[in-house]
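> Sharing a structure with you now.
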Amino acid sequence: MKYMRVFQTLLAFSGNAPPQLALTRELVERGHEVRVLAHSAARARIERTGAEFVAIRRWMPDLDISRPETDPVRDWEARTQLGAAKRMRDAPIAPLRDATRENVELLGDWSADVIVFDWLFIAAAVAAEIVGTPAVALVHCPYPLPARGAPPLFSGLKPMGGPLGAGRDRLVNAMTRRFSAAGLPVLNDVRAEHGLTPLKDWNDQLLGVRAIYVMTAPELDFSSKAQLPTNVHYVGPAFEPFQKDWESPWPEENTDPLVLLSFSTSYMDQGALAQRALDAVAGLPVRALLTAGPALDASLLRIPANARTVAFVPHRTVLPHASLMVTHAGWQTVNAALADGVPLVCIPDARDQPDNAARVLFVNAGVRVSKKSSPEKLRRVISRALEDQSIKQGARAMAGALARSDGATVIANELERLQVPNAVQ
């Protein structure tokens, strides 16, 4: 094995972080030197992996999307889906110049053998091209770019066969490309500043890296069946380790089905949704556990007698005991539940959550219900899901697919195979 210096940068919050930091830990444990550029609020989480932490200074240094006052995007305030999408699109565009400069400066002071970056941090791909260092992107959601043969991410659509489906996908993919083109002038200005030639498409910057690793099983993402570039690889999920098993707060004689409720660790104004879900499980013959996370104040919620709340518990310690998960359908929550064969009731809010729910339905591993549903409707959906053998079977099938390979191990192996000039054997 050769020793490498790995420069990593990521949005180390919410579901973005766990699979990427699982790779960080894997690389550190193999003896590689890993330096991670991220926001200060994520320092402790990153340092627990054993990597060296470097704070982002030049752009949004105080960003922390688990709290509304430190979330500059505030997409949850938008009145329309298009408005929210524009806020999410523009978030990586505005700081592109400063972020690129910061990455280049750090790489000038600390020569890396390879750059590993969150696919949302396009500045890292630009910096890698400037300094001439190989780079790989980590995708912590379904494949995010338009591809022939599948509806694009953020459309919320499921596959549709035949000429009608193909026509629909061509149209929606073209619309997606036009939407992302808003960032191209800024990107090309940044490239010109550093002596790089202009690009014709915003997505070409990401597609030009050495490899794009999608951290899930291909069976769970129908985009895997599209015509993808040769540098795109599905590597399996990656989960951070947990220290101990979950201890149930219920007496041992209570054997009611366990329903796990979770509604994101990033702030999305999800309090009302969480309350309706709690009201829905009230009176059902279940044990309900709500993981509140940093974005939800459980003291403001009415907790029914059959429910308990915890600020945090690793989902993978609870899921082996659970019969059902009720969730906003964040991608890492979906992967964690299905890795343990637990079916889902998806209540998508925004961002990629409608797309994630579409994938759950496509593999028949859960059901979907509107976030505006009343507690009474949610109660009916949860009751039916607990009895639905077909989605239990679908979830078990996905457990097998997700267990086939560990994403962190696969990527670390691939990085060690890279031909890098400075690596020490």
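Just remember, in the structure tokens the first chain shown is A, the second B, etc., residues are 1-based per chain, and ligands are 1-based in the order shown.
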Quick one: residues within 7 Å of Ala22 of chain A, only C-alpha atoms counted, chain neighbours fewer than 4 positions away excluded, as a list of chain:residue names?
A:Pro18, A:Glu26, A:Ala238, A:Phe239, A:Glu240, A:Ala408
> Identify, on the basis of only C-alpha atoms, every residue whose closest approach to Glu77 of chain A does not exceed 12 Å; exclude the query and any residue fewer than 3 positions from it along the same chain; express the result as a ChimeraX atom specification.
/A:68,71-74,80-85,87-88,267-270,350
> Would you please extract all strand (DSSP E or B) residues from segment 53-269 of chain A, as assigned by DSSP on the backbone, and give them as a list of chain:residue names?
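Residues meeting the strand (DSSP E or B) criterion: A:Phe53, A:Val54, A:Ala55, A:Val114, A:Ile115, A:Val116, A:Phe117, A:Asp118, A:Ala135, A:Val136, A:Ala137, A:Leu138, A:Val139, A:Arg148, A:Ala211, A:Ile212, A:Tyr213, A:Val214, A:Gln227, A:Val232, A:His233, A:Tyr234, A:Leu258, A:Val259, A:Leu260, A:Leu261, A:Ser262.
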> What is the distance between atom CA of His233 of chain A and atom CA of Tyr213 of chain A, in Å to one decimal?
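Computed distance, atom CA of His233 of chain A to atom CA of Tyr213 of chain A, equals 5.0 Å.
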> Give one line per residue of segment 191-297 of chain A that approaches segment 113-120 of chain A to at most 10 Å, naming the two atoms of the closest pair and their distance in Å to one decimal, counting only C-alpha atoms; sort by chain then ascending residue number and deliver it as a Markdown table.

```
| residue | atom | partner | partner_atom | distance |
| --- | --- | --- | --- | --- |
| A:Leu206 | CA | A:Trp119 | CA | 7.3 |
| A:Val209 | CA | A:Ile115 | CA | 9.9 |
| A:Arg210 | CA | A:Val114 | CA | 9.9 |
| A:Ala211 | CA | A:Val116 | CA | 9.8 |
| A:Ile212 | CA | A:Trp119 | CA | 8.2 |
| A:Tyr213 | CA | A:Trp119 | CA | 9.4 |
| A:Val214 | CA | A:Trp119 | CA | 9.8 |
```
> Which residues, written as a list in words, have at least one atom at most 10 Å from Thr327 of chain A, with only C-alpha atoms counted and residues fewer than 6 positions away on the same chain left out?
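Neighbouring residues, sequence-local ones excluded: Leu260, Leu261, Ser262, Phe263, Ser264, Leu273, Ala274, Ala277, Leu290, Thr333, Val334, Ala337, Leu344, Val345, Cys346, Ile347, Pro348, Asp349, Gln353, Ala357 and Arg368 of chain A.
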> For the residues selected in the previous step, produce a file with N, CA, C and O atoms as a short mmCIF file (atom, residue, chain, number, x, y, z; two decimals), in the first residue's frame.

```cif
data_model
loop_
_atom_site.label_atom_id
_atom_site.label_comp_id
_atom_site.auth_asym_id
_atom_site.auth_seq_id
_atom_site.Cartn_x
_atom_site.Cartn_y
_atom_site.Cartn_z
N LEU A 260 -39.93 4.14 14.04
CA LEU A 260 -38.92 5.18 14.18
C LEU A 260 -39.32 6.39 13.35
O LEU A 260 -39.62 6.26 12.16
N LEU A 261 -39.35 7.57 13.97
CA LEU A 261 -39.71 8.81 13.30
C LEU A 261 -38.49 9.72 13.23
O LEU A 261 -37.80 9.92 14.24
N SER A 262 -38.22 10.26 12.05
CA SER A 262 -37.06 11.14 11.88
C SER A 262 -37.34 12.12 10.76
O SER A 262 -37.78 11.73 9.68
N PHE A 263 -37.03 13.40 11.01
CA PHE A 263 -37.39 14.45 10.04
C PHE A 263 -36.26 15.43 9.79
O PHE A 263 -36.45 16.64 9.81
N SER A 264 -35.06 14.92 9.56
CA SER A 264 -33.90 15.68 9.11
C SER A 264 -33.13 16.33 10.24
O SER A 264 -33.70 16.82 11.22
N LEU A 273 -44.81 19.25 10.88
CA LEU A 273 -44.85 17.90 10.33
C LEU A 273 -44.57 16.86 11.41
O LEU A 273 -45.27 15.84 11.50
N ALA A 274 -43.57 17.11 12.22
CA ALA A 274 -43.25 16.17 13.30
C ALA A 274 -44.43 16.03 14.26
O ALA A 274 -44.73 14.92 14.72
N ALA A 277 -47.11 13.82 12.76
CA ALA A 277 -46.70 12.42 12.80
C ALA A 277 -46.86 11.84 14.21
O ALA A 277 -47.32 10.70 14.37
N LEU A 290 -39.03 9.19 18.34
CA LEU A 290 -38.69 10.34 17.50
C LEU A 290 -37.26 10.76 17.79
O LEU A 290 -36.91 11.09 18.93
N THR A 333 -31.14 8.66 5.41
CA THR A 333 -32.16 7.97 6.21
C THR A 333 -32.74 6.80 5.43
O THR A 333 -32.92 5.71 5.98
N VAL A 334 -33.01 7.03 4.15
CA VAL A 334 -33.53 5.96 3.29
C VAL A 334 -32.53 4.81 3.21
O VAL A 334 -32.89 3.64 3.37
N ALA A 337 -32.33 2.89 6.63
CA ALA A 337 -33.49 2.04 6.89
C ALA A 337 -33.47 0.79 6.02
O ALA A 337 -33.66 -0.33 6.51
N LEU A 344 -40.43 2.02 4.65
CA LEU A 344 -40.56 3.43 4.98
C LEU A 344 -41.93 3.99 4.63
O LEU A 344 -42.53 3.62 3.62
N VAL A 345 -42.39 4.91 5.47
CA VAL A 345 -43.46 5.84 5.10
C VAL A 345 -42.76 7.17 4.82
O VAL A 345 -42.21 7.80 5.73
N CYS A 346 -42.73 7.55 3.56
CA CYS A 346 -42.02 8.75 3.13
C CYS A 346 -42.97 9.95 3.12
O CYS A 346 -44.03 9.91 2.49
N ILE A 347 -42.56 11.01 3.81
CA ILE A 347 -43.32 12.26 3.83
C ILE A 347 -42.36 13.36 3.36
O ILE A 347 -41.86 14.16 4.14
N PRO A 348 -42.05 13.38 2.06
CA PRO A 348 -41.02 14.30 1.58
C PRO A 348 -41.41 15.76 1.74
O PRO A 348 -42.58 16.13 1.56
N ASP A 349 -40.42 16.55 2.10
CA ASP A 349 -40.64 17.98 2.30
C ASP A 349 -40.16 18.75 1.08
O ASP A 349 -40.95 19.33 0.35
N GLN A 353 -35.82 15.20 -1.51
CA GLN A 353 -36.67 14.23 -0.81
C GLN A 353 -37.77 13.64 -1.68
O GLN A 353 -38.03 12.42 -1.60
N ALA A 357 -38.10 9.61 -2.32
CA ALA A 357 -39.34 8.87 -2.12
C ALA A 357 -39.74 8.13 -3.39
O ALA A 357 -40.24 6.99 -3.34
N ARG A 368 -45.64 6.56 0.08
CA ARG A 368 -45.46 8.01 0.14
C ARG A 368 -46.78 8.66 0.49
O ARG A 368 -47.85 8.23 0.04
#
```
> For each of A:Gln332, A:Ser370, A:Ser224, A:Thr9, take the minimum atom-to-atom distance to Leu107 of chain A, counting only C-alpha atoms, then give the residue where this is smallest.
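Ranked by minimum distance to Leu107 of chain A, first place goes to A:Thr9.
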> From the list A:Arg79, A:Arg351, A:Arg287, A:His321, which residue is nearest Pro142 of chain A when using only C-alpha atoms?
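With only C-alpha atoms as the atom set, the closest residue is A:Arg351.
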> Point out the residue among A:Ala41, A:Met398, A:Ile411, A:Ala166 with the least atom-to-atom distance to Asn335 of chain A, counting only C-alpha atoms.
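With only C-alpha atoms as the atom set, the closest residue is A:Met398.
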> List the spatial neighbours of Ala298 of chain A as a PyMOL selection string - criterion: any atom at most 9 Å away, only C-alpha atoms, same-chain residues fewer than 3 positions off excluded.
chain A and resi 271+290+292+301-303+309-311
> Write out as a list in words which residues come within 9 Å of Leu96 of chain A when counting only C-alpha atoms, dropping same-chain ones fewer than 3 positions away.
Trp59, Pro92, Ile93, Ala99, Thr100, Arg101, Phe121, Ile122, Ala123, Val186, Leu187 and Val190 of chain A
> Can those selected residues be exported to a file as a tab-separated table (two decimals), in the first residue's frame so that it contains C-alpha atoms?

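Below you can see part_19.tsv, which holds the result:
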```tsv
chain	number	residue	atom	x	y	z
A	59	TRP	CA	-17.04	32.06	2.25
A	92	PRO	CA	-22.77	27.13	-4.65
A	93	ILE	CA	-22.56	29.80	-7.38
A	99	ALA	CA	-14.02	29.20	-2.57
A	100	THR	CA	-11.79	28.46	-5.58
A	101	ARG	CA	-9.14	30.89	-4.37
A	121	PHE	CA	-18.42	21.93	-3.85
A	122	ILE	CA	-17.70	22.60	-7.50
A	123	ALA	CA	-14.91	25.02	-6.52
A	186	VAL	CA	-19.64	32.90	-13.05
A	187	LEU	CA	-17.88	29.56	-13.48
A	190	VAL	CA	-13.44	32.04	-12.35
```
> I'd like the neighbourhood of Asn188 of chain A as number ranges by chain, where a residue qualifies if any of its atoms comes within 8 Å (using only C-alpha atoms), though same-chain residues fewer than 4 positions away should be ignored.
A: 184, 192, 197-199
> Output N, CA and C atoms for every residue in the selection just made, as a PDB file, in the first residue's frame.

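Writing done, so here's out01.pdb:
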```pdb
ATOM      1  N   LEU A 184     -23.126  29.253 -15.234  1.00  0.00           N
ATOM      2  CA  LEU A 184     -22.011  29.102 -16.172  1.00  0.00           C
ATOM      3  C   LEU A 184     -21.186  30.384 -16.346  1.00  0.00           C
ATOM      4  N   ALA A 192     -11.393  31.688 -16.175  1.00  0.00           N
ATOM      5  CA  ALA A 192     -10.552  32.639 -16.916  1.00  0.00           C
ATOM      6  C   ALA A 192      -9.540  33.314 -15.999  1.00  0.00           C
ATOM      7  N   THR A 197      -9.663  27.370 -19.905  1.00  0.00           N
ATOM      8  CA  THR A 197     -10.564  27.635 -21.025  1.00  0.00           C
ATOM      9  C   THR A 197     -12.021  27.561 -20.566  1.00  0.00           C
ATOM     10  N   PRO A 198     -12.919  28.256 -21.235  1.00  0.00           N
ATOM     11  CA  PRO A 198     -14.332  28.235 -20.826  1.00  0.00           C
ATOM     12  C   PRO A 198     -14.991  26.896 -21.132  1.00  0.00           C
ATOM     13  N   LEU A 199     -16.032  26.599 -20.376  1.00  0.00           N
ATOM     14  CA  LEU A 199     -16.825  25.399 -20.586  1.00  0.00           C
ATOM     15  C   LEU A 199     -18.134  25.752 -21.270  1.00  0.00           C
TER      16      LEU A 199
END
```
> Using only C-alpha atoms for the distances, tell me which of A:Val235, A:Val54, A:Ala112, A:Ala226 is nearest to Val139 of chain A.
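That would be A:Val235, the residue with the smallest distance to Val139 of chain A.
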> Separation of atom CA of Ser405 of chain A and atom CA of Leu361 of chain A, in Å?
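Result for atom CA of Ser405 of chain A versus atom CA of Leu361 of chain A: 22.7 Å, one decimal.
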> For Ala339 of chain A, please output as a PDB file with C-alpha atoms, in the first residue's frame all residues within 12 Å (counting only C-alpha atoms; exclusion window: fewer than 3 positions along the same chain).

```pdb
ATOM      1  CA  THR A 216     -25.455   3.764  -2.770  1.00  0.00           C
ATOM      2  CA  ALA A 217     -26.415   0.550  -4.537  1.00  0.00           C
ATOM      3  CA  LEU A 220     -31.893   1.798  -5.312  1.00  0.00           C
ATOM      4  CA  GLY A 236     -22.478   1.077  -2.227  1.00  0.00           C
ATOM      5  CA  PRO A 237     -23.455   2.988   0.913  1.00  0.00           C
ATOM      6  CA  ALA A 238     -21.088   3.972   3.704  1.00  0.00           C
ATOM      7  CA  PHE A 239     -22.073   4.395   7.326  1.00  0.00           C
ATOM      8  CA  HIS A 315     -30.278   5.217  13.378  1.00  0.00           C
ATOM      9  CA  ARG A 316     -28.419   2.012  12.700  1.00  0.00           C
ATOM     10  CA  THR A 317     -28.521   1.083  16.388  1.00  0.00           C
ATOM     11  CA  LEU A 319     -33.268   0.084  13.000  1.00  0.00           C
ATOM     12  CA  PRO A 320     -32.554  -3.613  13.694  1.00  0.00           C
ATOM     13  CA  GLN A 332     -29.065   8.763   4.128  1.00  0.00           C
ATOM     14  CA  THR A 333     -32.156   7.971   6.209  1.00  0.00           C
ATOM     15  CA  VAL A 334     -33.531   5.959   3.294  1.00  0.00           C
ATOM     16  CA  ASN A 335     -30.253   4.086   2.848  1.00  0.00           C
ATOM     17  CA  ALA A 336     -29.937   3.368   6.571  1.00  0.00           C
ATOM     18  CA  VAL A 342     -37.011  -1.620   7.316  1.00  0.00           C
ATOM     19  CA  PRO A 343     -39.793  -0.275   5.047  1.00  0.00           C
ATOM     20  CA  LEU A 344     -40.558   3.432   4.977  1.00  0.00           C
ATOM     21  CA  ALA A 365     -39.859  -0.642  -0.222  1.00  0.00           C
ATOM     22  CA  GLY A 394     -39.081  -4.926  -1.070  1.00  0.00           C
ATOM     23  CA  ALA A 395     -37.134  -3.532   1.876  1.00  0.00           C
ATOM     24  CA  ARG A 396     -35.473  -6.893   2.488  1.00  0.00           C
ATOM     25  CA  ALA A 397     -34.444  -7.067  -1.169  1.00  0.00           C
ATOM     26  CA  MET A 398     -32.815  -3.645  -0.879  1.00  0.00           C
ATOM     27  CA  ALA A 399     -31.013  -4.763   2.284  1.00  0.00           C
ATOM     28  CA  GLY A 400     -29.323  -7.447   0.228  1.00  0.00           C
ATOM     29  CA  ALA A 401     -28.351  -4.990  -2.502  1.00  0.00           C
ATOM     30  CA  LEU A 402     -26.989  -2.423  -0.052  1.00  0.00           C
ATOM     31  CA  ALA A 403     -24.975  -5.052   1.822  1.00  0.00           C
ATOM     32  CA  ARG A 404     -23.106  -6.129  -1.288  1.00  0.00           C
ATOM     33  CA  SER A 405     -20.335  -3.549  -0.956  1.00  0.00           C
ATOM     34  CA  ASP A 406     -19.158  -0.878   1.463  1.00  0.00           C
TER      35      ASP A 406
END
```
> Could you check how far atom CA of Glu105 of chain A sits from atom CA of Gly15 of chain A, in Å to one decimal?
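Distance between the two atoms: 28.4 Å.
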> Among segment 209-362 of chain A, which residues carry a DSSP assignment of helix (DSSP H, G or I), reported as a ChimeraX atom specification?
/A:218-220,222-225,271-281,298-300,315-321,331-339,353-362
